[in-house]
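Coordinates as given in coords01.cif (mmCIF, C-alpha atoms and all ligand atoms):
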data_structure
#
loop_
_atom_site.label_atom_id
_atom_site.label_comp_id
_atom_site.auth_asym_id
_atom_site.auth_seq_id
_atom_site.Cartn_x
_atom_site.Cartn_y
_atom_site.Cartn_z
CA MET A 29 -48.96 13.34 79.02
CA GLU A 30 -45.73 15.31 79.03
CA MET A 31 -43.75 12.12 79.43
CA ILE A 32 -45.44 10.65 76.37
CA GLN A 33 -44.82 13.77 74.35
CA GLU A 34 -41.18 13.86 75.42
CA GLY A 35 -40.78 10.24 74.43
CA ILE A 36 -42.30 10.91 71.05
CA ASN A 37 -40.14 13.99 70.53
CA THR A 38 -37.06 11.92 71.17
CA LEU A 39 -38.35 9.18 68.89
CA ILE A 40 -38.88 11.77 66.14
CA LYS A 41 -35.19 12.64 66.35
CA LEU A 42 -34.29 8.98 66.54
CA GLN A 43 -36.43 8.19 63.50
CA LYS A 44 -34.60 10.86 61.50
CA ILE A 45 -31.28 9.25 62.40
CA ASP A 46 -32.55 5.74 61.75
CA ALA A 47 -33.92 6.73 58.34
CA GLY A 48 -30.46 8.05 57.56
CA ILE A 49 -28.81 4.84 58.74
CA TYR A 50 -31.18 2.69 56.67
CA LYS A 51 -30.57 4.78 53.58
CA LEU A 52 -26.80 4.52 54.05
CA LYS A 53 -27.01 0.76 54.59
CA GLU A 54 -29.05 0.40 51.42
CA LYS A 55 -26.48 2.41 49.52
CA LYS A 56 -23.69 0.28 50.95
CA ALA A 57 -25.50 -2.93 50.03
CA CYS A 58 -25.37 -1.96 46.33
CA LYS A 59 -21.60 -1.52 46.33
CA PRO A 60 -20.44 -5.16 46.04
CA ALA A 61 -22.67 -5.64 42.98
CA GLN A 62 -21.23 -2.47 41.44
CA LYS A 63 -17.72 -3.80 41.92
CA GLN A 64 -18.73 -7.18 40.56
CA THR A 65 -20.21 -5.63 37.41
CA LEU A 66 -16.99 -3.72 36.74
CA LYS A 67 -14.85 -6.79 37.33
CA GLU A 68 -16.99 -8.95 35.08
CA ALA A 69 -16.88 -6.42 32.25
CA PHE A 70 -13.09 -6.37 32.50
CA ALA A 71 -12.88 -10.17 32.65
CA ARG A 72 -14.91 -10.39 29.44
CA GLU A 73 -12.45 -8.11 27.65
CA GLU A 74 -9.56 -10.08 29.06
CA GLN A 75 -11.12 -13.29 27.80
CA ALA A 76 -11.66 -11.79 24.34
CA LEU A 77 -7.96 -10.99 24.16
CA LYS A 78 -7.07 -14.51 25.27
CA ASP A 79 -9.36 -15.94 22.60
CA LYS A 80 -7.66 -13.79 20.00
CA GLY A 81 -4.28 -15.04 21.18
CA ASN A 82 -5.50 -18.60 20.74
CA SER A 83 -6.78 -17.94 17.25
CA LEU A 84 -3.39 -16.42 16.38
CA LYS A 85 -1.74 -19.61 17.59
CA SER A 86 -3.94 -21.78 15.43
CA LEU A 87 -3.36 -19.56 12.41
CA GLN A 88 0.38 -19.86 12.95
CA LEU A 89 0.10 -23.60 13.38
CA ALA A 90 -1.91 -23.97 10.17
CA ARG A 91 0.67 -21.91 8.30
CA LYS A 92 3.46 -24.07 9.66
CA GLU A 93 1.63 -27.21 8.52
CA ARG A 94 1.22 -25.80 5.03
CA GLU A 95 4.91 -24.91 4.91
CA ILE A 96 5.86 -28.44 5.87
CA ASP A 97 3.42 -29.80 3.31
CA MET A 98 4.98 -27.59 0.67
CA GLU A 99 8.51 -28.66 1.57
CA THR A 100 7.51 -32.32 1.35
CA LYS A 101 6.04 -31.77 -2.07
CA GLU A 102 9.09 -29.79 -3.13
CA LYS A 103 11.27 -32.77 -2.21
CA GLU A 104 9.03 -35.13 -4.15
CA ILE A 105 9.24 -32.88 -7.19
CA LYS A 106 13.04 -32.95 -6.98
CA LYS A 107 12.99 -36.71 -6.61
CA TYR A 108 10.76 -37.12 -9.67
CA GLN A 109 12.89 -34.72 -11.65
CA THR A 110 15.94 -36.88 -10.96
CA GLN A 111 14.00 -39.98 -11.96
CA LEU A 112 12.98 -38.23 -15.13
CA LEU A 113 16.61 -38.36 -16.31
CA GLN A 114 16.71 -42.13 -16.12
CA ILE A 115 13.34 -42.83 -17.73
CA LYS A 116 13.33 -45.16 -20.71
CA THR A 117 9.81 -45.09 -22.15
CA ASN A 118 7.72 -42.21 -23.30
CA LYS A 119 4.76 -43.46 -21.33
CA GLU A 120 6.69 -43.44 -18.08
CA TYR A 121 8.05 -40.01 -18.92
CA LEU A 122 4.57 -38.57 -19.46
CA SER A 123 3.24 -40.16 -16.32
CA LEU A 124 6.06 -38.66 -14.21
CA GLN A 125 5.63 -35.29 -15.87
CA LYS A 126 1.98 -35.42 -14.96
CA GLU A 127 2.87 -36.26 -11.36
CA ILE A 128 5.28 -33.33 -11.16
CA GLY A 129 2.71 -31.01 -12.71
CA GLY A 130 0.15 -32.05 -10.12
CA LEU A 131 2.56 -31.42 -7.25
CA LYS A 132 3.51 -28.02 -8.63
CA ALA A 133 -0.15 -27.07 -8.90
CA ASP A 134 -0.69 -28.18 -5.29
CA ASN A 135 2.23 -26.07 -4.15
CA ALA A 136 0.97 -23.02 -5.99
CA VAL A 137 -2.30 -23.31 -4.06
CA LEU A 138 -0.38 -23.86 -0.81
CA GLU A 139 1.75 -20.82 -1.47
CA ASP A 140 -1.31 -18.66 -2.01
CA ASP A 141 -2.79 -20.00 1.21
CA ILE A 142 0.41 -19.25 3.08
CA LEU A 143 0.56 -15.69 1.79
CA GLU A 144 -3.05 -15.19 2.68
CA SER A 145 -2.59 -16.58 6.17
CA MET A 146 0.50 -14.39 6.69
CA GLU A 147 -1.62 -11.36 5.99
CA LYS A 148 -4.25 -12.61 8.39
CA ILE A 149 -1.61 -13.30 11.05
CA ASP A 150 -0.21 -9.79 10.72
CA LYS A 151 -3.67 -8.34 11.05
CA VAL A 152 -4.48 -10.39 14.16
CA LYS A 153 -1.09 -9.51 15.68
CA ALA A 154 -1.79 -5.81 15.19
CA GLU A 155 -5.24 -6.19 16.73
CA ILE A 156 -3.78 -8.02 19.71
CA ALA A 157 -1.18 -5.31 20.27
CA GLU A 158 -3.86 -2.66 20.13
CA GLU A 159 -6.18 -4.53 22.46
CA LYS A 160 -3.39 -5.23 24.93
CA GLU A 161 -2.78 -1.52 25.21
CA LYS A 162 -6.47 -0.84 25.58
CA LEU A 163 -6.79 -3.55 28.22
CA ALA A 164 -3.89 -2.14 30.23
CA ALA A 165 -5.67 1.22 30.28
CA GLU A 166 -8.92 -0.53 31.24
CA GLU A 167 -7.19 -2.32 34.08
CA LYS A 168 -5.89 0.94 35.43
CA LYS A 169 -9.36 2.43 35.18
CA LEU A 170 -10.87 -0.63 36.86
CA LYS A 171 -8.48 -0.33 39.80
CA GLU A 172 -9.32 3.35 40.14
CA GLU A 173 -13.04 2.68 40.07
CA ILE A 174 -12.80 -0.16 42.59
CA GLY A 175 -10.71 2.12 44.79
CA LYS A 176 -13.35 4.81 44.50
CA ILE A 177 -16.11 2.40 45.51
CA ASP A 178 -14.02 1.17 48.46
CA ARG A 179 -13.56 4.75 49.58
CA GLU A 180 -17.30 5.30 49.27
CA ILE A 181 -17.91 2.23 51.42
CA ARG A 182 -15.50 3.52 54.05
CA GLY A 183 -17.23 6.91 53.93
CA ILE A 184 -20.60 5.25 54.43
CA ASP A 185 -19.25 3.20 57.36
CA GLU A 186 -17.91 6.31 59.00
CA ARG A 187 -21.23 8.10 58.64
CA ILE A 188 -23.11 5.09 59.95
CA SER A 189 -20.89 4.81 63.00
CA SER A 190 -21.25 8.50 63.80
CA LEU A 191 -25.04 8.21 63.42
CA ASP A 192 -24.91 5.12 65.64
CA LYS A 193 -23.23 7.17 68.35
CA GLU A 194 -25.89 9.86 68.07
CA ARG A 195 -28.58 7.23 68.17
CA SER A 196 -27.31 5.51 71.30
CA GLN A 197 -27.20 8.84 73.11
CA LEU A 198 -30.83 9.44 72.20
CA CYS A 199 -31.82 5.90 73.06
CA SER A 200 -30.77 6.36 76.66
CA ASN A 201 -33.49 9.03 76.92
CA VAL A 202 -36.32 6.80 75.73
CA GLU A 203 -38.28 4.55 78.01
CA LYS A 204 -37.16 0.96 77.46
CA ALA A 205 -40.53 -0.58 76.53
CA LEU A 206 -41.28 2.21 74.07
CA LEU A 207 -37.83 1.93 72.53
CA ALA A 208 -38.19 -1.83 72.14
CA ARG A 209 -41.55 -1.35 70.46
CA TYR A 210 -40.14 1.32 68.15
CA GLU A 211 -37.17 -0.84 67.21
CA ARG A 212 -39.33 -3.85 66.51
CA ILE A 213 -41.43 -1.83 64.05
CA LEU A 214 -38.31 -0.21 62.61
CA LYS A 215 -36.94 -3.61 61.71
CA ALA A 216 -40.22 -4.92 60.32
CA LYS A 217 -40.89 -1.77 58.29
CA GLN A 218 -37.45 -1.23 56.76
CA GLY A 219 -36.42 1.80 58.76
CA LEU A 220 -39.70 3.67 59.10
CA ALA A 221 -41.39 3.11 62.48
CA LEU A 222 -42.66 6.52 63.50
CA VAL A 223 -44.70 8.64 61.09
CA PRO A 224 -46.67 11.89 61.29
CA LEU A 225 -50.30 12.17 60.35
CA VAL A 226 -50.58 13.64 56.89
CA GLY A 227 -54.01 15.23 56.80
CA GLU A 228 -56.25 12.34 57.76
CA SER A 229 -53.83 9.68 56.57
CA CYS A 230 -50.98 7.65 58.01
CA GLY A 231 -47.65 9.11 56.90
CA GLY A 232 -46.29 5.59 56.44
CA CYS A 233 -48.90 3.60 54.52
CA HIS A 234 -50.94 6.64 53.38
CA ARG A 235 -54.24 5.07 54.27
CA VAL A 236 -57.05 7.24 55.66
CA LEU A 237 -57.42 6.75 59.41
CA PRO A 238 -60.70 6.81 61.38
CA PRO A 239 -61.52 10.18 63.08
CA GLN A 240 -61.30 8.47 66.46
CA VAL A 241 -57.65 7.57 65.84
CA ILE A 242 -56.83 11.06 64.58
CA ASN A 243 -58.35 12.51 67.75
CA GLU A 244 -56.33 10.17 69.92
CA VAL A 245 -53.13 11.13 68.17
CA ARG A 246 -53.95 14.81 68.66
CA MET A 247 -54.54 14.24 72.39
CA LYS A 248 -50.93 13.09 72.81
CA ASP A 249 -51.67 11.22 76.02
CA LYS A 250 -50.78 7.76 74.78
CA ILE A 251 -48.90 6.11 71.97
CA ILE A 252 -51.21 5.43 69.01
CA THR A 253 -50.42 3.09 66.16
CA CYS A 254 -51.77 2.90 62.61
CA GLY A 255 -54.32 0.10 62.38
CA PHE A 256 -53.15 -0.75 58.88
CA CYS A 257 -49.34 -0.77 59.00
CA ALA A 258 -48.78 -0.81 62.79
CA ARG A 259 -46.42 2.18 62.70
CA LEU A 260 -46.38 4.65 65.58
CA LEU A 261 -48.20 7.88 64.79
CA TYR A 262 -47.55 11.42 65.92
CA TRP A 263 -49.25 14.75 65.52
CA PRO A 264 -47.25 17.05 63.26
CA GLU A 265 -46.60 20.45 64.85
ZN ZN B 301 -50.06 3.16 58.35
#
Could you spell out this file's structure in structure tokens?
Amino acid sequence: MEMIQEGINTLIKLQKIDAGIYKLKEKKACKPAQKQTLKEAFAREEQALKDKGNSLKSLQLARKEREIDMETKEKEIKKYQTQLLQIKTNKEYLSLQKEIGGLKADNAVLEDDILESMEKIDKVKAEIAEEKEKLAAEEKKLKEEIGKIDREIRGIDERISSLDKERSQLCSNVEKALLARYERILKAKQGLALVPLVGESCGGCHRVLPPQVINEVRMKDKIITCGFCARLLYWPE
């Protein structure tokens, strides 16, 4: 009977340590996703800036095309104006004048477009400059936050390994078969293998246990398990 009680007392200590280890491992398991979320948020901002850079390029290209178009028309106007000097008939003269007028009207529209697109280009350039600065600050912040999470992970690892040391010292005091049983349940029940009675219920699954079982736990002369969740039960002192 004393042997059993001693075993259980050691398991109680072990369970405390194991609960701690499980909690730490759970915490650690969340860390990669936290880092990923931060990295993805930054990548989205980076992509937005890239997109803006591309739209600036196409604005500049469109402006260039309009400028070339305008120059071409300018040359045509000059050509027609020279021809105008050698024209013989009134009809031809009017027709050329009409042509020139049309080209001038086209160029007026092009010029407006160019001015408008220059304004747009300036605006986008200013936005890009601002966002670049913001992104640089974000990158610095991202690195800091990733560094912080890495430090947290290292901290967790250190605590786990010190708990592991404590646990292996305790393990050497527990009878092998009992330890194996405890560890099997621990694994199956996510870190909770040994639970106290809470009133008339199992401290693990909270179901009400039969009086017979409660009596057996109180006797402390053998290891009793919960008939519902299979966890090991102990009498709370
Ligand atoms: Zn139970």
Against stretch 142-146 of chain A, which residues of stretch 73-134 of chain A fall within 12 Å? For each one I want the closest pair of atoms and the distance in Å (one decimal), counting all atoms listed in the file, rows by chain and increasing residue number, as a Markdown table.
| residue | atom | partner | partner_atom | distance |
| --- | --- | --- | --- | --- |
| A:Ser83 | CA | A:Ser145 | CA | 11.9 |
| A:Leu84 | CA | A:Ser145 | CA | 10.2 |
| A:Lys85 | CA | A:Ser145 | CA | 11.8 |
| A:Ser86 | CA | A:Ser145 | CA | 10.7 |
| A:Leu87 | CA | A:Ser145 | CA | 7.0 |
| A:Gln88 | CA | A:Ser145 | CA | 8.1 |
| A:Leu89 | CA | A:Ser145 | CA | 10.4 |
| A:Ala90 | CA | A:Ser145 | CA | 8.4 |
| A:Arg91 | CA | A:Ile142 | CA | 5.9 |
| A:Lys92 | CA | A:Ile142 | CA | 8.7 |
| A:Glu93 | CA | A:Ile142 | CA | 9.7 |
| A:Arg94 | CA | A:Ile142 | CA | 6.9 |
| A:Glu95 | CA | A:Ile142 | CA | 7.5 |
| A:Ile96 | CA | A:Ile142 | CA | 11.0 |
| A:Asp97 | CA | A:Ile142 | CA | 11.0 |
| A:Met98 | CA | A:Ile142 | CA | 9.8 |
Legend entry - atom CA of A:Asn135 to atom CA of A:Leu122, distance in Å rounded to a single decimal: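 Between these atoms lies a distance of 19.9 Å.
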Inset, instruction - Just give me the gap between atom CA of A:Leu222 and atom CA of A:Glu244 in Å, one decimal is fine. - result: 15.5 Å
At most 8 Å is the cut-off: for each residue in stretch 152-255 of chain A with any atom that close to an atom of stretch 32-47 of chain A, write down the nearest atom pair and the distance in Å rounded to one decimal, counting all atoms listed in the file, chain first then increasing number, as a Markdown table.
| residue | atom | partner | partner_atom | distance |
| --- | --- | --- | --- | --- |
| A:Leu191 | CA | A:Ile45 | CA | 6.4 |
| A:Glu194 | CA | A:Ile45 | CA | 7.8 |
| A:Arg195 | CA | A:Leu42 | CA | 6.2 |
| A:Leu198 | CA | A:Leu42 | CA | 6.6 |
| A:Cys199 | CA | A:Leu42 | CA | 7.6 |
| A:Asn201 | CA | A:Thr38 | CA | 7.4 |
| A:Val202 | CA | A:Gly35 | CA | 5.8 |
| A:Glu203 | CA | A:Gly35 | CA | 7.2 |
| A:Gly219 | CA | A:Ala47 | CA | 5.5 |
| A:Leu220 | CA | A:Ala47 | CA | 6.6 |
| A:Ala221 | CA | A:Gln43 | CA | 7.2 |
| A:Leu222 | CA | A:Gln43 | CA | 6.4 |
| A:Lys248 | CA | A:Gln33 | CA | 6.3 |
| A:Asp249 | CA | A:Ile32 | CA | 6.3 |
| A:Lys250 | CA | A:Ile32 | CA | 6.3 |
| A:Ile251 | CA | A:Ile32 | CA | 7.2 |
Kindly assemble as CSV a list of the chain A residues that lie within 12 Å of ligand ZN 301 (chain B), each paired with its nearest atom pair and their distance in Å to one decimal, using only C-alpha atoms and all ligand atoms, sorted first by chain and then by ascending residue number.
residue,atom,partner,partner_atom,distance
A:Ile213,CA,B:ZN301,ZN,11.5
A:Lys217,CA,B:ZN301,ZN,10.4
A:Leu220,CA,B:ZN301,ZN,10.4
A:Ala221,CA,B:ZN301,ZN,9.6
A:Leu222,CA,B:ZN301,ZN,9.6
A:Val223,CA,B:ZN301,ZN,8.1
A:Pro224,CA,B:ZN301,ZN,9.8
A:Leu225,CA,B:ZN301,ZN,9.2
A:Val226,CA,B:ZN301,ZN,10.6
A:Glu228,CA,B:ZN301,ZN,11.1
A:Ser229,CA,B:ZN301,ZN,7.7
A:Cys230,CA,B:ZN301,ZN,4.6
A:Gly231,CA,B:ZN301,ZN,6.6
A:Gly232,CA,B:ZN301,ZN,4.9
A:Cys233,CA,B:ZN301,ZN,4.0
A:His234,CA,B:ZN301,ZN,6.1
A:Arg235,CA,B:ZN301,ZN,6.1
A:Val236,CA,B:ZN301,ZN,8.5
A:Leu237,CA,B:ZN301,ZN,8.3
A:Pro238,CA,B:ZN301,ZN,11.6
A:Val241,CA,B:ZN301,ZN,11.5
A:Ile252,CA,B:ZN301,ZN,11.0
A:Thr253,CA,B:ZN301,ZN,7.8
A:Cys254,CA,B:ZN301,ZN,4.6
A:Gly255,CA,B:ZN301,ZN,6.6
A:Phe256,CA,B:ZN301,ZN,5.0
A:Cys257,CA,B:ZN301,ZN,4.0
A:Ala258,CA,B:ZN301,ZN,6.1
A:Arg259,CA,B:ZN301,ZN,5.8
A:Leu260,CA,B:ZN301,ZN,8.2
A:Leu261,CA,B:ZN301,ZN,8.2
A:Tyr262,CA,B:ZN301,ZN,11.5
Inset, instruction - Find, counting only C-alpha atoms, the residue in A:Glu104, A:Glu211, A:Asp185, A:Glu159 that gets nearest to A:Asp79. - result: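 Residue with the minimum atom-to-atom distance to A:Asp79: A:Glu159.
Computed from the coordinates, the atom CA of A:Ala164 to atom CA of A:Phe70 distance equals 10.4 Å.
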Using the file's own x, y and z axes, what box holds all listed atoms of stretch 222-237 of chain A with 8 Å on each side, keeping edges along x, y and z, and what are its centre and edge lengths in Å to one decimal, as JSON?
{"center_x": -50.0, "center_y": 9.4, "center_z": 58.4, "size_x": 30.8, "size_y": 27.6, "size_z": 26.1}
Legend entry - Selected residue, from A:Glu120, A:Leu52, A:Glu68, A:Lys59, that lies nearest to A:Arg179 when counting only C-alpha atoms: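 For A:Arg179, the nearest of the given residues is A:Lys59.
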Inset, instruction - Using only C-alpha atoms, pick whichever of A:Leu77, A:Ile105, A:Leu124, A:Ile174 has the shortest atom-to-atom distance to A:Lys63. - result: A:Ile174
Legend entry - Residue nearest A:Lys106 among A:Gln125, A:Gln197, A:Asn82, A:Thr65 (counting only C-alpha atoms): A:Gln125
Inset, instruction - Using all atoms listed in the file, pick whichever of A:Lys53, A:Tyr108, A:Glu102, A:Ser200 has the shortest atom-to-atom distance to A:Ala136. - result: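 Result for the nearest residue to A:Ala136: A:Glu102.
Using only C-alpha atoms, the shortest contact distance between A:Ile177 and any of A:Thr110, A:Tyr50, A:Pro60, A:Glu127 is found at A:Pro60.
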